[in-house]
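Peer 1: Just one file: target-v5.txt, with compact mmCIF, C-alpha atoms.
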# COMPACT_ATOMS: atom_id res chain seq x y z
CA GLY J 1 -10.78 43.06 19.88
CA ALA J 2 -7.06 43.95 19.59
CA VAL J 3 -7.12 47.11 21.67
CA VAL J 4 -3.86 48.80 22.63
CA SER J 5 -3.70 51.61 25.15
CA GLN J 6 -1.00 54.11 26.00
CA HIS J 7 -0.50 56.21 29.08
CA PRO J 8 -0.17 59.10 29.36
CA SER J 9 -1.75 60.53 26.22
CA TRP J 10 0.29 63.68 26.61
CA VAL J 11 3.06 64.85 28.89
CA ILE J 12 5.00 68.06 29.36
CA CYS J 13 8.27 67.90 31.23
CA LYS J 14 11.32 70.00 31.94
CA SER J 15 14.60 69.44 30.18
CA GLY J 16 16.75 66.90 32.02
CA THR J 17 13.93 64.90 33.54
CA SER J 18 12.88 61.37 32.61
CA VAL J 19 9.49 60.35 31.29
CA LYS J 20 7.92 56.88 31.24
CA ILE J 21 5.30 55.87 28.69
CA GLU J 22 3.26 52.70 29.13
CA CYS J 23 1.85 50.55 26.34
CA ARG J 24 -0.70 47.87 27.16
CA SER J 25 -2.49 45.30 25.05
CA LEU J 26 -5.90 45.17 26.73
CA ASP J 27 -7.54 42.08 25.28
CA PHE J 28 -4.71 39.95 23.96
CA GLN J 29 -1.21 38.88 24.81
CA ALA J 30 1.62 40.28 22.74
CA THR J 31 5.04 38.71 22.77
CA THR J 32 6.25 41.49 20.50
CA MET J 33 5.60 45.20 20.80
CA PHE J 34 7.07 48.03 18.76
CA TRP J 35 7.89 51.63 19.59
CA TYR J 36 7.66 54.35 16.96
CA ARG J 37 8.36 58.03 16.83
CA GLN J 38 6.48 60.35 14.51
CA PHE J 39 7.23 63.97 13.66
CA PRO J 40 4.50 66.24 12.23
CA LYS J 41 3.43 65.30 8.73
CA GLN J 42 5.96 62.48 8.58
CA SER J 43 5.79 58.71 8.55
CA LEU J 44 6.29 56.41 11.50
CA MET J 45 9.91 55.80 12.41
CA LEU J 46 10.55 52.49 14.14
CA MET J 47 12.68 52.99 17.23
CA ALA J 48 12.84 49.51 18.67
CA THR J 49 11.28 46.08 18.83
CA SER J 50 10.38 44.87 22.28
CA ASN J 51 10.10 41.18 23.08
CA GLU J 52 8.69 39.92 26.36
CA GLY J 53 11.39 38.70 28.68
CA SER J 54 14.33 39.79 26.57
CA LYS J 55 16.25 42.90 25.67
CA ALA J 56 14.80 45.23 23.09
CA THR J 57 16.27 45.45 19.62
CA TYR J 58 16.99 49.04 18.68
CA GLU J 59 17.05 50.48 15.18
CA GLN J 60 20.22 52.02 13.88
CA GLY J 61 20.74 55.52 15.22
CA VAL J 62 18.46 55.12 18.25
CA GLU J 63 20.29 55.57 21.54
CA LYS J 64 19.40 52.61 23.73
CA ASP J 65 20.69 54.33 26.86
CA LYS J 66 18.40 57.27 26.22
CA PHE J 67 15.29 55.33 25.24
CA LEU J 68 14.96 52.52 27.76
CA ILE J 69 12.48 49.82 26.86
CA ASN J 70 11.17 47.18 29.22
CA HIS J 71 8.72 44.47 28.17
CA ALA J 72 7.86 43.14 31.59
CA SER J 73 4.85 41.03 30.69
CA LEU J 74 2.84 39.82 27.71
CA THR J 75 0.57 42.84 28.00
CA LEU J 76 2.89 45.67 29.05
CA SER J 77 5.86 47.44 27.51
CA THR J 78 7.32 50.70 28.74
CA LEU J 79 9.45 53.34 27.08
CA THR J 80 11.45 55.66 29.31
CA VAL J 81 12.96 58.76 27.78
CA THR J 82 15.89 59.57 30.05
CA SER J 83 17.29 63.06 30.50
CA ALA J 84 14.82 64.43 28.00
CA HIS J 85 15.72 67.44 25.88
CA PRO J 86 13.59 69.64 23.62
CA GLU J 87 14.70 67.69 20.56
CA ASP J 88 13.04 64.61 22.09
CA SER J 89 9.66 66.31 21.77
CA SER J 90 7.60 64.15 19.46
CA PHE J 91 4.62 61.82 19.13
CA TYR J 92 5.50 58.37 20.45
CA ILE J 93 3.34 55.45 19.36
CA CYS J 94 3.49 51.81 20.38
CA SER J 95 2.03 48.81 18.65
CA ALA J 96 1.43 45.23 19.69
CA SER J 97 1.61 42.25 17.42
CA ARG J 98 -1.12 39.64 17.26
CA GLY J 99 -1.21 36.98 14.58
CA GLY J 100 1.25 38.88 12.41
CA THR J 101 -0.79 42.09 12.52
CA GLN J 102 0.29 45.23 14.32
CA TYR J 103 -2.30 47.09 16.35
CA PHE J 104 -1.40 50.60 17.39
CA GLY J 105 -1.97 52.55 20.54
CA PRO J 106 -3.38 56.09 20.49
CA GLY J 107 0.05 57.69 20.91
CA THR J 108 1.70 59.91 23.51
CA ARG J 109 2.54 63.51 22.80
CA LEU J 110 5.77 64.45 24.60
CA THR J 111 6.76 68.09 24.94
CA VAL J 112 10.08 68.89 26.60
CA LEU J 113 10.50 72.48 27.73
CA GLN M 114 15.73 47.35 -0.64
CA GLN M 115 13.69 47.82 2.50
CA GLN M 116 11.94 50.95 1.24
CA VAL M 117 8.29 51.26 0.46
CA LYS M 118 7.54 54.20 -1.81
CA GLN M 119 4.10 55.78 -1.57
CA SER M 120 2.39 58.29 -3.83
CA PRO M 121 0.90 60.81 -4.03
CA GLN M 122 2.04 62.76 -0.98
CA SER M 123 -1.31 64.53 -0.87
CA LEU M 124 -4.63 64.01 -2.60
CA ILE M 125 -7.78 66.06 -2.85
CA VAL M 126 -10.99 64.49 -4.12
CA GLN M 127 -14.62 65.48 -4.20
CA LYS M 128 -17.22 63.74 -2.13
CA GLY M 129 -18.38 60.63 -3.94
CA GLY M 130 -15.19 60.33 -5.97
CA ILE M 131 -12.58 57.57 -5.97
CA SER M 132 -9.35 58.03 -4.03
CA ILE M 133 -6.37 56.03 -5.25
CA ILE M 134 -3.09 55.71 -3.38
CA ASN M 135 -0.18 53.72 -4.75
CA CYS M 136 2.77 51.94 -3.16
CA ALA M 137 5.79 50.14 -4.56
CA TYR M 138 8.30 47.90 -2.84
CA GLU M 139 11.62 46.27 -3.66
CA ASN M 140 12.01 43.42 -1.20
CA THR M 141 10.49 40.30 -2.73
CA ALA M 142 10.46 38.66 0.70
CA PHE M 143 7.59 40.90 1.79
CA ASP M 144 4.44 38.82 2.15
CA TYR M 145 2.09 41.03 4.10
CA PHE M 146 0.77 44.41 2.97
CA PRO M 147 -1.47 46.39 5.34
CA TRP M 148 -2.93 49.85 4.99
CA TYR M 149 -3.36 52.10 8.00
CA GLN M 150 -5.53 55.20 8.47
CA GLN M 151 -4.41 57.92 10.85
CA PHE M 152 -6.34 60.93 12.07
CA PRO M 153 -4.48 63.93 13.53
CA GLY M 154 -3.25 63.28 17.05
CA LYS M 155 -4.27 59.60 16.95
CA GLY M 156 -2.49 56.33 16.42
CA PRO M 157 -2.78 54.52 13.08
CA ALA M 158 -5.70 52.13 12.71
CA LEU M 159 -5.57 49.03 10.53
CA LEU M 160 -7.84 49.54 7.54
CA ILE M 161 -7.31 46.53 5.33
CA ALA M 162 -4.50 44.12 4.52
CA ILE M 163 -3.58 41.72 1.76
CA ARG M 164 -1.24 38.81 1.25
CA PRO M 165 0.32 38.05 -2.13
CA ASP M 166 -1.74 34.95 -2.82
CA VAL M 167 -4.60 37.17 -4.01
CA SER M 168 -4.66 40.10 -6.42
CA GLU M 169 -7.51 42.02 -4.86
CA LYS M 170 -9.27 42.33 -1.53
CA LYS M 171 -12.37 44.38 -0.86
CA GLU M 172 -13.87 45.45 2.44
CA GLY M 173 -16.78 47.83 2.10
CA ARG M 174 -15.66 50.92 0.22
CA PHE M 175 -11.97 50.00 0.54
CA THR M 176 -10.17 47.82 -1.98
CA ILE M 177 -6.55 46.75 -2.19
CA SER M 178 -5.19 45.83 -5.61
CA PHE M 179 -1.94 43.86 -5.63
CA ASN M 180 0.41 43.30 -8.56
CA LYS M 181 3.10 40.86 -7.50
CA SER M 182 5.11 40.99 -10.73
CA ALA M 183 5.27 44.78 -10.65
CA LYS M 184 5.81 44.81 -6.87
CA GLN M 185 3.06 47.36 -6.48
CA PHE M 186 -0.13 47.62 -4.49
CA SER M 187 -2.76 50.28 -4.22
CA LEU M 188 -5.66 51.39 -2.07
CA HIS M 189 -8.90 52.44 -3.68
CA ILE M 190 -11.53 54.28 -1.65
CA MET M 191 -14.84 54.26 -3.45
CA ASP M 192 -17.53 56.89 -2.83
CA SER M 193 -15.06 58.95 -0.79
CA GLN M 194 -16.57 60.86 2.13
CA PRO M 195 -15.37 63.90 4.11
CA GLY M 196 -14.95 61.55 7.08
CA ASP M 197 -12.30 59.68 5.08
CA SER M 198 -10.05 62.75 5.27
CA ALA M 199 -6.96 61.43 7.04
CA THR M 200 -3.42 60.30 6.41
CA TYR M 201 -3.04 56.86 4.89
CA PHE M 202 0.06 54.72 5.23
CA CYS M 203 0.88 51.61 3.29
CA ALA M 204 3.26 49.11 4.83
CA ALA M 205 4.99 45.87 3.99
CA GLY M 206 6.42 43.13 6.11
CA VAL M 207 7.52 39.55 6.41
CA GLU M 208 5.23 37.62 8.71
CA THR M 209 7.93 35.29 9.94
CA SER M 210 9.98 38.28 11.10
CA GLY M 211 7.59 38.94 13.95
CA SER M 212 5.45 41.37 11.95
CA ARG M 213 8.08 44.07 11.66
CA LEU M 214 6.74 46.56 9.11
CA THR M 215 8.28 49.03 6.70
CA PHE M 216 6.02 52.03 6.19
CA GLY M 217 5.48 54.29 3.21
CA GLU M 218 5.79 58.03 3.54
CA GLY M 219 2.06 58.59 3.89
CA THR M 220 -0.66 60.27 1.83
CA GLN M 221 -2.74 63.09 3.22
CA LEU M 222 -6.23 62.69 1.80
CA THR M 223 -8.74 65.52 1.80
CA VAL M 224 -12.29 64.85 0.67
CA ASN M 225 -14.20 68.03 -0.07
CA PRO M 226 -17.94 68.14 0.62
Let's see the structure in the file written out as structure tokens.

Peer 2:
Amino acid sequence: GAVVSQHPSWVICKSGTSVKIECRSLDFQATTMFWYRQFPKQSLMLMATSNEGSKATYEQGVEKDKFLINHASLTLSTLTVTSAHPEDSSFYICSASRGGTQYFGPGTRLTVL
Amino acid sequence: QQQVKQSPQSLIVQKGGISIINCAYENTAFDYFPWYQQFPGKGPALLIAIRPDVSEKKEGRFTISFNKSAKQFSLHIMDSQPGDSATYFCAAGVETSGSRLTFGEGTQLTVNP
């Protein structure tokens, strides 16, 4: 149990376009989901905490107008990268919390040309 | 005070050897200490976790040792196998905070055949 999926697994887009990434908890309900960003050979950097039915809490330095998070249900959170630029290229990973434990999705590789 | 310091940054061991990764924390409010394993291009997977009411937890070849007074915890991988080659992250959190975690910098483990 405790399976988290992400879609898409990879995406390539042109600079200036917006990209939406979905995170789903498949076999449990998650009131809290987290969004991370990871650069090559680096640790996970928490971007925001997403709570179902309320606004996301963003970490310091993360632009909330650029990285839009919506936690529409107990099993779905979405991250939209608006007006993407090459510097937004990264590995984006979500996690869902169950019983105090975070379970991670497989990640989404975003490449902005 | 929120940092979790992890060492070594990289580790090479021979097949059958013991891999040891260490982490130290400052925040005495932390009460949950998980270890995650991450393969290239994948999301982190929960390996094993410990709470401070015990000093050691073992699951198969993986053991966490926890020293509350020193604010340190470590992961021991016994009989290391080439398939264990991955990046390992320690983390620390406060369960009542909705499972928000602070991650270490990661250790890249290579197990040679």

Peer 1: How many Å separate CA of Glu63 (chain J) from CA of Leu110 (chain J)?

Peer 2: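 That distance, rounded to one decimal, is 17.3 Å.
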
Peer 1: If you measure from CA of Leu26 (chain J) to CA of Ala72 (chain J), what distance in Å do you get, rounded to one decimal?

Peer 2: 14.7 Å

Peer 1: Can you work out which one of J:Met47, J:Pro106, J:Val11, J:Leu68 has the shortest atom-to-atom distance to chain M, counting all atoms listed in the file?

Peer 2: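 For chain M, the nearest of the candidates is J:Pro106.
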
Peer 1: For a quick test of understanding: name the residues of chain M lying within 10 Å of chain J when counting all atoms listed in the file, and present them as JSON, numbers by chain.

Peer 2: {"M": [145, 146, 147, 149, 151, 153, 154, 155, 156, 157, 158, 159, 162, 200, 201, 202, 206, 207, 208, 209, 210, 211, 212, 213, 214, 215, 216, 217, 218, 219, 220, 221]}

Peer 1: Would you mind telling me which residue in J:Gly61, J:Gly1, J:Gly16, J:Gly53 lies nearest to Phe28 (chain J) when using all atoms listed in the file?

Peer 2: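 Going through J:Gly61, J:Gly1, J:Gly16, J:Gly53 one by one, the smallest distance to Phe28 (chain J) is for J:Gly1.
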
Peer 1: As a VMD selection string, please: the residues near Ala84 (chain J) (cut-off 10 Å, all atoms listed in the file, same-chain neighbours under 4 positions excluded).

Peer 2: chain J and resid 13 to 19 66 to 67 80 88 to 89 110 to 113

Peer 1: Can you tell me how far CA of Val117 (chain M) sits from CA of Gln185 (chain M), in Å to one decimal?

Peer 2: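 Separating CA of Val117 (chain M) from CA of Gln185 (chain M) is a distance of 9.5 Å.
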
Peer 1: Name all residues at most 9 Å from region 170-183 of chain M (count all atoms listed in the file; drop same-chain ones fewer than 4 positions away) and give them as number ranges by chain.

Peer 2: M: 137-138, 141, 148, 160-166, 187-193

Peer 1: From the options M:Leu222, M:Val167, M:Leu124, M:Gln194, which residue's atoms come nearest to Asp144 (chain M), counting all atoms listed in the file?

Peer 2: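 For Asp144 (chain M), the nearest of the given residues is M:Val167.
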
Peer 1: For each of J:Thr75, J:Val62, J:Pro8, J:Lys55, take the minimum atom-to-atom distance to Asp27 (chain J), counting only C-alpha atoms, then give the residue where this is smallest.

Peer 2: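 For Asp27 (chain J), the nearest of the given residues is J:Thr75.
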
Peer 1: Name all residues at most 12 Å from Asn225 (chain M) (count only C-alpha atoms; drop same-chain ones fewer than 2 positions away) and give them as JSON, numbers by chain.

Peer 2: {"M": [124, 125, 126, 127, 128, 129, 130, 132, 192, 193, 194, 195, 196, 197, 198, 222, 223]}

Peer 1: Quick one: residues within 8 Å of Ala56 (chain J), only C-alpha atoms counted, chain neighbours fewer than 3 positions away excluded, as a PyMOL selection string?

Peer 2: chain J and resi 48-51+69-71
